[in-house]
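Enquirer: What follows is coords29.txt; its format and atoms are compact mmCIF, C-alpha atoms.
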```txt
# COMPACT_ATOMS: atom_id res chain seq x y z
CA MET H 1 11.48 10.36 30.90
CA ALA H 2 9.89 13.76 31.51
CA VAL H 3 12.04 16.81 30.89
CA VAL H 4 11.42 20.49 31.59
CA ALA H 5 13.01 23.03 29.31
CA LEU H 6 13.29 26.64 30.36
CA LEU H 7 13.58 29.94 28.58
CA ALA H 8 14.68 32.06 31.53
CA MET H 9 14.57 35.81 32.01
CA GLY H 10 17.06 36.76 34.70
CA SER H 11 17.66 33.98 37.24
CA PHE H 12 20.76 33.01 39.22
CA ALA H 13 21.95 30.75 42.00
CA TYR H 14 24.60 31.26 44.65
CA LEU H 15 25.88 29.55 47.76
CA HIS H 16 24.87 30.63 51.23
CA ARG H 17 26.78 29.15 54.18
CA ASP H 18 24.96 28.46 57.46
CA ARG H 19 27.17 27.51 60.39
CA MET H 20 25.82 24.63 62.41
CA ALA H 21 27.13 22.89 65.53
CA GLY H 22 29.77 20.36 64.58
CA GLY H 23 30.29 21.56 60.99
CA ILE H 24 29.26 23.73 58.10
CA ALA H 25 26.12 22.97 56.01
CA GLU H 26 25.92 24.48 52.54
CA GLN H 27 22.61 25.62 51.07
CA SER H 28 22.04 26.89 47.55
CA LEU H 29 19.76 29.82 47.09
CA VAL H 30 18.01 30.18 43.73
CA GLN H 31 16.02 33.15 42.60
CA VAL H 32 12.47 32.88 41.34
CA GLY H 33 12.45 33.81 37.65
CA ARG H 34 9.96 34.50 34.87
CA GLY H 35 9.90 32.85 31.48
CA THR H 36 8.45 29.95 29.47
CA VAL H 37 8.30 26.52 31.03
CA THR H 38 7.96 23.58 28.68
CA VAL H 39 7.35 20.03 29.85
CA SER H 40 8.19 17.16 27.52
CA ALA H 41 8.55 13.38 27.39
CA ALA H 42 11.43 11.63 25.63
CA ALA H 43 11.83 8.15 24.19
CA ALA H 44 13.84 6.16 21.65
CA GLY H 45 12.48 4.44 18.56
CA THR H 46 13.03 3.46 14.92
CA VAL H 47 12.01 4.95 11.58
CA GLU H 48 9.22 3.09 9.80
CA ALA H 49 7.06 3.54 6.72
CA THR H 50 3.42 3.90 7.69
CA ASP H 51 2.10 2.57 4.38
CA THR H 52 3.96 -0.54 3.20
CA ARG H 53 2.85 -2.81 0.38
CA GLY H 54 3.87 -6.46 -0.02
CA LEU H 55 3.64 -7.36 -3.72
CA SER H 56 3.55 -10.83 -5.31
CA PHE H 57 2.73 -12.50 -8.64
CA THR H 58 -0.82 -13.85 -8.95
CA VAL H 59 0.13 -16.82 -11.15
CA SER H 60 2.95 -19.33 -11.01
CA GLY H 61 5.99 -19.07 -13.22
CA THR H 62 9.72 -18.54 -13.56
CA VAL H 63 11.08 -15.08 -12.77
CA THR H 64 12.58 -13.52 -15.90
CA THR H 65 13.12 -9.88 -14.87
CA ILE H 66 13.74 -7.94 -11.65
CA ALA H 67 13.98 -4.23 -12.44
CA VAL H 68 14.65 -2.81 -8.93
CA GLN H 69 16.74 -3.37 -5.84
CA PRO H 70 16.28 -2.34 -2.19
CA GLY H 71 16.56 1.41 -1.70
CA ASP H 72 15.36 2.37 -5.18
CA MET H 73 12.74 5.10 -5.48
CA VAL H 74 9.82 4.13 -7.72
CA THR H 75 6.72 5.83 -9.07
CA ALA H 76 3.23 4.34 -9.25
CA GLY H 77 2.85 2.11 -12.32
CA LYS H 78 6.53 1.26 -12.73
CA VAL H 79 7.18 -2.37 -13.67
CA LEU H 80 9.17 -4.00 -10.86
CA ALA H 81 9.41 -7.66 -11.92
CA ARG H 82 8.12 -10.20 -14.48
CA ILE H 83 7.72 -13.96 -14.83
CA ASP H 84 7.57 -16.01 -18.05
CA ASP H 85 4.17 -15.26 -19.64
CA THR H 86 4.23 -17.63 -22.66
CA ASP H 87 1.39 -19.85 -21.43
CA GLN H 88 -0.72 -16.88 -20.40
CA ARG H 89 -0.36 -15.19 -23.80
CA ASP H 90 -1.36 -18.40 -25.58
CA ALA H 91 -4.42 -18.66 -23.33
CA VAL H 92 -5.46 -15.11 -24.19
CA SER H 93 -5.09 -15.77 -27.93
CA SER H 94 -7.19 -18.94 -27.69
CA ALA H 95 -9.87 -17.16 -25.65
CA GLN H 96 -10.05 -14.33 -28.18
CA SER H 97 -10.62 -16.86 -30.98
CA SER H 98 -13.41 -18.47 -28.97
CA VAL H 99 -15.11 -15.11 -28.53
CA THR H 100 -14.92 -14.41 -32.28
CA ASN H 101 -16.43 -17.81 -33.12
CA ALA H 102 -19.21 -17.34 -30.56
CA GLU H 103 -20.05 -13.92 -32.04
CA ASN H 104 -20.32 -15.44 -35.55
CA THR H 105 -22.55 -18.27 -34.28
CA LEU H 106 -24.86 -15.78 -32.57
CA SER H 107 -25.13 -13.68 -35.73
CA GLN H 108 -26.09 -16.74 -37.79
CA ALA H 109 -28.68 -17.84 -35.21
CA LYS H 110 -30.32 -14.42 -35.28
CA SER H 111 -30.46 -14.45 -39.12
CA THR H 112 -32.05 -17.91 -39.18
CA ALA H 113 -34.65 -16.94 -36.59
CA SER H 114 -35.54 -13.79 -38.55
CA ALA H 115 -36.01 -15.75 -41.82
CA THR H 116 -38.23 -18.33 -40.11
CA ALA H 117 -40.48 -15.64 -38.72
CA GLY H 118 -40.90 -14.08 -42.20
CA THR H 119 -41.94 -17.40 -43.81
CA SER H 120 -44.61 -17.97 -41.16
CA THR H 121 -46.26 -14.61 -41.79
CA SER H 122 -46.47 -15.04 -45.61
CA GLY H 123 -48.13 -18.52 -45.29
CA CYS H 124 -51.02 -17.14 -43.25
CA GLN H 125 -51.49 -14.28 -45.71
CA VAL H 126 -51.95 -16.77 -48.63
CA ALA H 127 -54.55 -18.73 -46.66
CA ALA H 128 -56.47 -15.56 -45.90
CA ALA H 129 -56.56 -14.67 -49.60
CA TYR H 130 -57.97 -18.13 -50.46
CA ARG H 131 -60.79 -17.75 -47.96
CA THR H 132 -61.76 -14.39 -49.38
CA SER H 133 -62.04 -15.70 -52.95
CA ALA H 134 -63.89 -18.93 -52.04
CA SER H 135 -66.65 -17.43 -49.89
CA PRO H 136 -69.09 -16.29 -52.69
CA THR H 137 -69.39 -19.76 -54.28
CA SER H 138 -69.50 -21.83 -51.16
CA THR H 139 -73.24 -21.16 -50.56
CA PRO H 140 -75.43 -21.88 -53.75
CA SER H 141 -78.72 -20.08 -54.23
CA PRO H 142 -81.88 -22.29 -54.04
CA THR H 143 -83.68 -22.97 -57.41
CA ALA H 144 -87.51 -22.56 -57.68
CA SER H 145 -89.37 -25.67 -58.91
CA PRO H 146 -92.18 -25.39 -61.61
CA THR H 147 -95.71 -25.47 -60.36
CA GLY H 148 -97.47 -27.20 -63.31
CA SER H 149 -98.98 -30.78 -63.48
CA PRO H 150 -99.21 -31.59 -59.86
CA THR H 151 -100.75 -35.08 -60.63
CA SER H 152 -97.81 -36.24 -62.74
CA THR H 153 -95.26 -35.49 -60.12
CA ALA H 154 -97.22 -36.61 -57.10
CA SER H 155 -95.13 -38.41 -54.51
CA PRO H 156 -96.26 -41.68 -52.98
CA PRO H 157 -97.91 -41.52 -49.62
CA ALA H 158 -95.60 -40.75 -46.76
CA SER H 159 -96.33 -44.13 -45.19
CA THR H 160 -95.02 -46.06 -48.21
CA VAL H 161 -91.81 -44.06 -48.80
CA PRO H 162 -88.97 -44.82 -46.44
CA SER H 163 -87.33 -41.82 -44.93
CA ALA H 164 -83.72 -41.07 -45.96
CA PRO H 165 -81.10 -41.09 -43.23
CA PRO H 166 -79.87 -37.66 -42.16
CA ARG H 167 -76.74 -36.40 -43.76
CA SER H 168 -73.76 -36.47 -41.52
CA SER H 169 -70.93 -34.00 -41.59
CA ALA H 170 -68.67 -36.88 -42.61
CA ILE H 171 -70.69 -37.52 -45.80
CA ALA H 172 -70.86 -33.80 -46.58
CA SER H 173 -67.12 -33.48 -46.37
CA GLN H 174 -66.37 -36.38 -48.75
CA PRO H 175 -65.39 -35.42 -52.28
CA ALA H 176 -67.88 -35.92 -55.08
CA PRO H 177 -67.17 -38.28 -57.95
CA GLY H 178 -64.33 -36.89 -59.97
CA GLY H 179 -62.41 -35.71 -56.91
CA THR H 180 -64.30 -32.41 -56.43
CA MET H 181 -65.21 -31.33 -52.91
CA PRO H 182 -68.92 -30.49 -52.71
CA THR H 183 -69.64 -26.87 -52.03
CA THR H 184 -71.79 -26.83 -48.99
CA PRO H 185 -72.54 -23.70 -46.99
CA GLY H 186 -69.62 -22.83 -44.76
CA ALA H 187 -67.30 -25.53 -46.16
CA GLY H 188 -64.90 -23.11 -47.86
CA PRO H 189 -64.27 -20.82 -44.89
CA THR H 190 -63.93 -23.79 -42.56
CA GLY H 191 -61.32 -25.45 -44.76
CA GLY H 192 -59.45 -22.15 -45.14
CA THR H 193 -59.35 -21.61 -41.41
CA GLY H 194 -57.92 -25.08 -40.86
CA THR H 195 -55.15 -24.39 -43.38
CA CYS H 196 -53.99 -21.15 -41.60
CA ALA H 197 -54.15 -22.74 -38.18
CA GLY H 198 -51.93 -25.57 -39.40
CA THR H 199 -49.50 -23.11 -40.90
CA GLN H 200 -49.36 -21.09 -37.67
CA ALA H 201 -48.77 -24.21 -35.58
CA GLY H 202 -45.87 -25.27 -37.78
CA SER H 203 -44.34 -21.81 -37.87
CA GLY H 204 -44.62 -21.56 -34.05
CA ALA H 205 -42.55 -24.70 -33.69
CA ARG H 206 -39.96 -23.36 -36.11
CA ALA H 207 -39.88 -19.95 -34.33
CA GLY H 208 -39.39 -21.64 -30.98
CA SER H 209 -36.47 -23.59 -32.39
CA GLY H 210 -34.93 -20.35 -33.69
CA THR H 211 -35.32 -18.64 -30.32
CA ASP H 212 -33.62 -21.54 -28.57
CA SER H 213 -30.72 -21.33 -30.99
CA VAL H 214 -30.27 -17.61 -30.31
CA TYR H 215 -30.41 -18.13 -26.54
CA SER H 216 -27.89 -20.95 -26.72
CA ALA H 217 -25.56 -18.83 -28.86
CA GLU H 218 -25.80 -15.92 -26.42
CA GLN H 219 -24.86 -18.20 -23.53
CA SER H 220 -21.86 -19.50 -25.45
CA LEU H 221 -20.72 -15.94 -26.14
CA ASN H 222 -21.04 -14.97 -22.48
CA ASN H 223 -18.97 -17.97 -21.41
CA ALA H 224 -16.31 -17.18 -24.00
CA GLN H 225 -16.09 -13.58 -22.83
CA LEU H 226 -15.68 -14.68 -19.19
CA GLN H 227 -12.89 -17.03 -20.19
CA LEU H 228 -11.18 -14.18 -22.05
CA GLU H 229 -11.40 -11.91 -18.99
CA GLN H 230 -9.86 -14.64 -16.81
CA ALA H 231 -7.08 -15.21 -19.32
CA GLU H 232 -6.29 -11.49 -19.48
CA SER H 233 -6.26 -11.32 -15.67
CA ASN H 234 -3.78 -14.20 -15.53
CA LEU H 235 -1.58 -12.45 -18.07
CA ALA H 236 -1.61 -9.27 -15.97
CA GLY H 237 -0.62 -11.38 -12.95
CA THR H 238 2.75 -12.16 -14.54
CA VAL H 239 3.89 -8.58 -13.89
CA ILE H 240 4.43 -6.74 -10.58
CA THR H 241 3.95 -2.97 -10.79
CA ALA H 242 4.29 -0.31 -8.10
CA PRO H 243 0.84 0.69 -6.73
CA ILE H 244 2.19 3.87 -5.09
CA ASP H 245 5.17 6.20 -5.17
CA GLY H 246 7.72 4.96 -2.67
CA ARG H 247 11.00 3.25 -1.91
CA VAL H 248 11.75 -0.43 -2.42
CA LEU H 249 12.29 -1.93 1.03
CA SER H 250 13.04 -5.53 0.08
CA VAL H 251 13.31 -7.93 -2.86
CA ASN H 252 12.85 -11.58 -1.88
CA GLY H 253 13.91 -13.49 -4.97
CA THR H 254 16.20 -13.68 -7.97
CA ALA H 255 15.82 -14.15 -11.71
CA GLY H 256 15.42 -17.80 -12.71
CA THR H 257 13.62 -18.90 -9.55
CA SER H 258 10.05 -20.21 -9.54
CA GLU H 259 7.36 -18.16 -7.85
CA SER H 260 3.76 -19.04 -6.97
CA PRO H 261 0.79 -17.17 -5.43
CA GLY H 262 0.32 -17.31 -1.68
CA SER H 263 4.00 -17.16 -0.77
CA SER H 264 5.61 -14.24 1.09
CA ALA H 265 5.82 -10.85 -0.60
CA PHE H 266 8.26 -10.89 -3.51
CA ILE H 267 8.82 -7.11 -3.34
CA THR H 268 7.94 -4.71 -0.51
CA ILE H 269 7.75 -0.94 -0.99
CA GLY H 270 7.03 1.86 1.46
CA ASP H 271 5.41 5.26 1.04
CA VAL H 272 8.11 7.81 1.90
CA SER H 273 5.58 10.64 2.04
CA ASP H 274 4.03 9.07 5.15
CA THR H 275 7.03 8.09 7.30
CA GLN H 276 6.95 7.88 11.10
CA VAL H 277 9.04 7.00 14.12
CA GLN H 278 7.73 4.23 16.34
CA ALA H 279 8.90 5.02 19.88
CA GLU H 280 8.31 3.22 23.17
CA PHE H 281 7.17 5.49 26.04
CA SER H 282 6.98 4.56 29.69
CA GLU H 283 3.69 4.09 31.48
CA ALA H 284 4.22 7.33 33.44
CA ASP H 285 4.99 9.43 30.35
CA VAL H 286 2.31 8.08 28.04
CA ALA H 287 -0.41 9.40 30.36
CA SER H 288 0.52 12.96 29.37
CA LEU H 289 0.68 12.29 25.61
CA ALA H 290 -2.05 13.18 23.13
CA VAL H 291 -2.45 12.94 19.37
CA GLY H 292 -1.39 16.19 17.69
CA GLN H 293 1.27 17.21 20.23
CA LYS H 294 4.44 18.64 18.70
CA ALA H 295 7.68 16.68 18.78
CA THR H 296 11.30 16.93 17.74
CA ILE H 297 13.09 14.00 16.12
CA THR H 298 16.82 13.36 16.12
CA LEU H 299 18.14 10.65 13.79
CA GLY H 300 21.24 8.63 14.47
CA SER H 301 22.72 9.62 11.09
CA ARG H 302 22.02 13.36 11.44
CA THR H 303 22.96 16.15 13.79
CA GLU H 304 20.01 18.44 13.07
CA THR H 305 16.57 17.92 14.57
CA LEU H 306 13.41 17.39 12.54
CA SER H 307 9.87 18.38 13.47
CA GLY H 308 6.91 16.07 13.82
CA LYS H 309 3.65 15.35 15.64
CA VAL H 310 2.14 12.51 17.65
CA SER H 311 -0.10 10.60 15.20
CA GLN H 312 -1.08 7.48 17.14
CA ILE H 313 -0.89 6.09 20.68
CA SER H 314 -1.30 2.36 21.21
CA PRO H 315 -4.02 1.56 23.76
CA SER H 316 -2.24 -1.61 24.90
CA GLY H 317 1.20 -1.79 26.44
CA THR H 318 3.93 -4.39 26.47
CA SER H 319 5.51 -5.62 29.69
CA SER H 320 9.15 -6.42 30.35
CA GLY H 321 9.50 -7.37 33.99
CA GLN H 322 8.17 -4.43 36.02
CA LEU H 323 8.45 -2.03 33.06
CA VAL H 324 5.35 -1.30 30.95
CA GLN H 325 5.80 0.58 27.68
CA TYR H 326 3.39 1.91 25.06
CA SER H 327 4.08 2.25 21.35
CA VAL H 328 3.64 5.81 20.06
CA MET H 329 3.87 6.89 16.41
CA ILE H 330 5.54 10.25 15.64
CA ALA H 331 4.91 11.48 12.08
CA PHE H 332 7.48 13.64 10.28
CA ASP H 333 6.23 17.05 9.19
CA ASP H 334 8.64 16.94 6.22
CA PRO H 335 10.53 13.65 5.95
CA PRO H 336 13.96 13.89 4.27
CA ALA H 337 14.31 12.25 0.87
CA ASP H 338 17.24 10.05 1.95
CA LEU H 339 15.53 8.71 5.04
CA LEU H 340 16.58 5.17 5.97
CA TYR H 341 13.94 2.81 7.27
CA GLY H 342 14.82 0.98 10.44
CA GLN H 343 17.38 3.53 11.62
CA SER H 344 17.34 4.65 15.24
CA ALA H 345 15.75 7.90 16.35
CA ASN H 346 15.20 9.85 19.56
CA VAL H 347 12.00 11.82 20.00
CA VAL H 348 10.98 14.52 22.46
CA VAL H 349 7.25 15.27 22.68
CA THR H 350 6.07 18.57 24.13
CA THR H 351 3.34 17.64 26.59
CA GLY H 352 2.76 21.09 28.10
CA SER H 353 3.96 24.68 27.88
CA ALA H 354 3.31 27.88 29.84
CA ALA H 355 4.66 31.25 28.70
CA ASN H 356 5.52 34.28 30.84
CA VAL H 357 5.13 32.44 34.15
CA LEU H 358 7.07 32.30 37.43
CA TYR H 359 9.26 29.25 37.88
CA VAL H 360 11.74 27.79 40.32
CA ALA H 361 14.03 24.76 40.41
CA SER H 362 12.01 21.61 41.00
CA THR H 363 14.44 20.50 43.74
CA ALA H 364 13.36 23.53 45.80
CA VAL H 365 9.72 22.41 45.82
CA THR H 366 8.18 19.86 48.15
CA ILE H 367 5.07 18.51 46.39
CA GLY H 368 1.88 18.11 48.44
CA PRO H 369 -1.59 16.83 47.55
CA GLY H 370 -3.24 18.22 44.41
CA SER H 371 -1.50 21.35 43.16
CA THR H 372 -0.19 22.43 46.59
CA ALA H 373 3.47 22.48 47.61
CA THR H 374 5.89 24.20 49.99
CA VAL H 375 9.19 26.00 49.49
CA THR H 376 11.77 27.47 51.90
CA VAL H 377 12.17 31.19 51.36
CA SER H 378 15.29 33.06 52.50
CA ALA H 379 14.80 36.73 53.39
CA HIS H 380 16.68 39.16 55.64
CA GLY H 381 18.99 36.42 56.88
CA ARG H 382 16.17 34.16 57.96
CA THR H 383 14.32 31.26 56.29
CA GLU H 384 10.66 30.37 56.42
CA GLN H 385 8.34 27.73 54.98
CA ARG H 386 5.81 29.05 52.51
CA SER H 387 2.93 27.33 50.78
CA VAL H 388 2.73 27.77 47.00
CA ARG H 389 0.44 26.63 44.18
CA ILE H 390 2.23 25.00 41.30
CA GLY H 391 1.46 24.39 37.63
CA LEU H 392 3.65 22.50 35.17
CA SER H 393 6.27 20.42 36.92
CA GLY H 394 9.15 18.34 35.69
CA ASP H 395 12.60 17.11 36.61
CA GLN H 396 14.30 20.53 36.36
CA TYR H 397 11.79 23.34 36.80
CA THR H 398 8.33 23.89 38.26
CA GLU H 399 5.80 26.61 37.42
CA ILE H 400 4.74 28.75 40.44
CA ARG H 401 1.21 30.10 40.10
CA SER H 402 0.92 31.76 43.52
CA GLY H 403 2.85 32.18 46.81
CA LEU H 404 6.09 33.65 45.41
CA SER H 405 7.15 36.77 43.60
CA GLU H 406 9.73 37.26 40.94
CA GLY H 407 13.13 37.74 42.58
CA ASP H 408 12.36 35.81 45.76
CA LYS H 409 15.15 33.55 46.92
CA VAL H 410 14.36 29.96 47.81
CA VAL H 411 16.56 27.28 49.32
CA VAL H 412 17.74 24.22 47.43
CA SER H 413 19.15 21.82 49.99
CA GLY H 414 22.21 19.67 49.44
CA GLY H 415 23.97 22.09 47.17
CA GLY H 416 21.58 21.09 44.33
```
Could you write out this file's structure as structure tokens?
Expert:
Amino acid sequence: MAVVALLAMGSFAYLHRDRMAGGIAEQSLVQVGRGTVTVSAAAAGTVEATDTRGLSFTVSGTVTTIAVQPGDMVTAGKVLARIDDTDQRDAVSSAQSSVTNAENTLSQAKSTASATAGTSTSGCQVAAAYRTSASPTSTPSPTASPTGSPTSTASPPASTVPSAPPRSSAIASQPAPGGTMPTTPGAGPTGGTGTCAGTQAGSGARAGSGTDSVYSAEQSLNNAQLQLEQAESNLAGTVITAPIDGRVLSVNGTAGTSESPGSSAFITIGDVSDTQVQAEFSEADVASLAVGQKATITLGSRTETLSGKVSQISPSGTSSGQLVQYSVMIAFDDPPADLLYGQSANVVVTTGSAANVLYVASTAVTIGPGSTATVTVSAHGRTEQRSVRIGLSGDQYTEIRSGLSEGDKVVVSGGG
């Protein structure tokens, strides 16, 4: 409902009797005044917490402790309730042991891999030293034959001496009688190279095995650490703590009962620093509302009024028969500490105000199209219709922007 408040500066009303045939008609004359005209819209609502938190346990268990009750003020971090955490503590202890064992296994795998790599390097160094020492004797110097008595050492004709088969590498590599490898050119270095290559091949296999062991140990440690984090998270889920400063609105449970995740909130708290009134405004009034407009709030349990502002206007209305209403949130500028959620409240929102303007009773004004209107002016014992331009208009008073002067007397019919 729209209301017009008035801070008047010298206005009055009196009765003027006009005799008419067959009886006496009474007309009230009111004087045009100057002051501040304020237009407002009023509605009823309830007090609500804007920020509410529904809190529950994240693991199943039996409730052992409930430290609060509805209405209690709490600070962020305060423990509100607990469930039996025996299983969760055992799980954390077991997970910690697994992490310790995995760390020891990884340390041993790294030590083994490091030792294997050191052995491989020293084997190749020994082979290299052998090649260096064997090279000078592996290629014998040719010996000059004497040149005397050519007739006594003459060889048979080439046609009568069968040619010897060529030496194969297989024959050259066989050991001489007595188990000694013949020293042919290049034999020593070749044998030495084969020894180092064999050593490197073997050490590569051992190094690969060590690397696999380290990788496997690292994976085991990562898995153990993840299991520990999950166990610690489950342990934390056995306790409900307050995430914000606020008031406990409800406690849905008792000690000794079983609780599980996914059920309704076990404890609900509301932020008292951000409390509002949810009021239902009519379709006609909500059109003049805007976020940020000032409001006064009167609570059912208090006589004094509190200040506030429009913080939110719902874009969708609710219908009840022919009546359409819109939900509007009015935020307290300074909410009282003992505010009760759900209590009734009446709000008045200032939708417009004009200071130091002419005004007249709204019942004296006949509204026309746009901002035009007419009034009946009484002067020198006669009345006349006069067109006026109006501004703010409500149930009680209407702003006059032109057409009247301060002190003019206008007629309000019906003794209004």
Enquirer: Just to confirm, what's the straight-line distance from atom CA of H:Gly77 to atom CA of H:Leu226 in Å (one decimal)?
Expert: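 Rounded to one decimal, the two atoms are 25.9 Å apart.
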Enquirer: Write out as a list in words each polymer residue whose atoms come within 12 Å of H:Gln325, counting only C-alpha atoms; drop sequence neighbours fewer than 6 positions from it.
Expert: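 Within the cut-off, the hits are Met1, Ala43, Ala44, Gly45, Ala279, Glu280, Phe281, Ser282, Glu283, Ala284, Asp285, Val286, Ala287, Ile313, Ser314, Pro315, Ser316, Gly317, Thr318 and Ser319 of chain H.
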Enquirer: Could you state the separation of atom CA of H:Val347 and atom CA of H:Leu306 in Å, given to one decimal place?
Expert: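 Interatomic distance, atom CA of H:Val347 to atom CA of H:Leu306: 9.4 Å.
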Enquirer: Which one is closest to H:Ala102: H:Glu232, H:Glu218, H:Asp85, H:Glu259? Count all atoms listed in the file.
Expert: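 Between H:Glu232, H:Glu218, H:Asp85, H:Glu259, the residue approaching H:Ala102 most closely is H:Glu218.
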Enquirer: Contacts of H:Glu103 at 12 Å or less, counting all atoms listed in the file, minus same-chain residues fewer than 3 places along, as a list in words?
Expert: Gln96, Ser97, Ser98, Val99, Thr100, Leu106, Ser107, Gln108, Ala109, Lys110, Val214, Ser216, Ala217, Glu218, Gln219, Ser220, Leu221, Asn222, Asn223, Ala224 and Gln225 of chain H
Enquirer: Keeping only C-alpha atoms, write the selected residues as a PDB file, in the coordinates of the input.
Expert:
```pdb
ATOM      1  CA  GLN H  96     -10.050 -14.330 -28.180  1.00  0.00           C
ATOM      2  CA  SER H  97     -10.620 -16.860 -30.980  1.00  0.00           C
ATOM      3  CA  SER H  98     -13.410 -18.470 -28.970  1.00  0.00           C
ATOM      4  CA  VAL H  99     -15.110 -15.110 -28.530  1.00  0.00           C
ATOM      5  CA  THR H 100     -14.920 -14.410 -32.280  1.00  0.00           C
ATOM      6  CA  LEU H 106     -24.860 -15.780 -32.570  1.00  0.00           C
ATOM      7  CA  SER H 107     -25.130 -13.680 -35.730  1.00  0.00           C
ATOM      8  CA  GLN H 108     -26.090 -16.740 -37.790  1.00  0.00           C
ATOM      9  CA  ALA H 109     -28.680 -17.840 -35.210  1.00  0.00           C
ATOM     10  CA  LYS H 110     -30.320 -14.420 -35.280  1.00  0.00           C
ATOM     11  CA  VAL H 214     -30.270 -17.610 -30.310  1.00  0.00           C
ATOM     12  CA  SER H 216     -27.890 -20.950 -26.720  1.00  0.00           C
ATOM     13  CA  ALA H 217     -25.560 -18.830 -28.860  1.00  0.00           C
ATOM     14  CA  GLU H 218     -25.800 -15.920 -26.420  1.00  0.00           C
ATOM     15  CA  GLN H 219     -24.860 -18.200 -23.530  1.00  0.00           C
ATOM     16  CA  SER H 220     -21.860 -19.500 -25.450  1.00  0.00           C
ATOM     17  CA  LEU H 221     -20.720 -15.940 -26.140  1.00  0.00           C
ATOM     18  CA  ASN H 222     -21.040 -14.970 -22.480  1.00  0.00           C
ATOM     19  CA  ASN H 223     -18.970 -17.970 -21.410  1.00  0.00           C
ATOM     20  CA  ALA H 224     -16.310 -17.180 -24.000  1.00  0.00           C
ATOM     21  CA  GLN H 225     -16.090 -13.580 -22.830  1.00  0.00           C
TER      22      GLN H 225
END
```
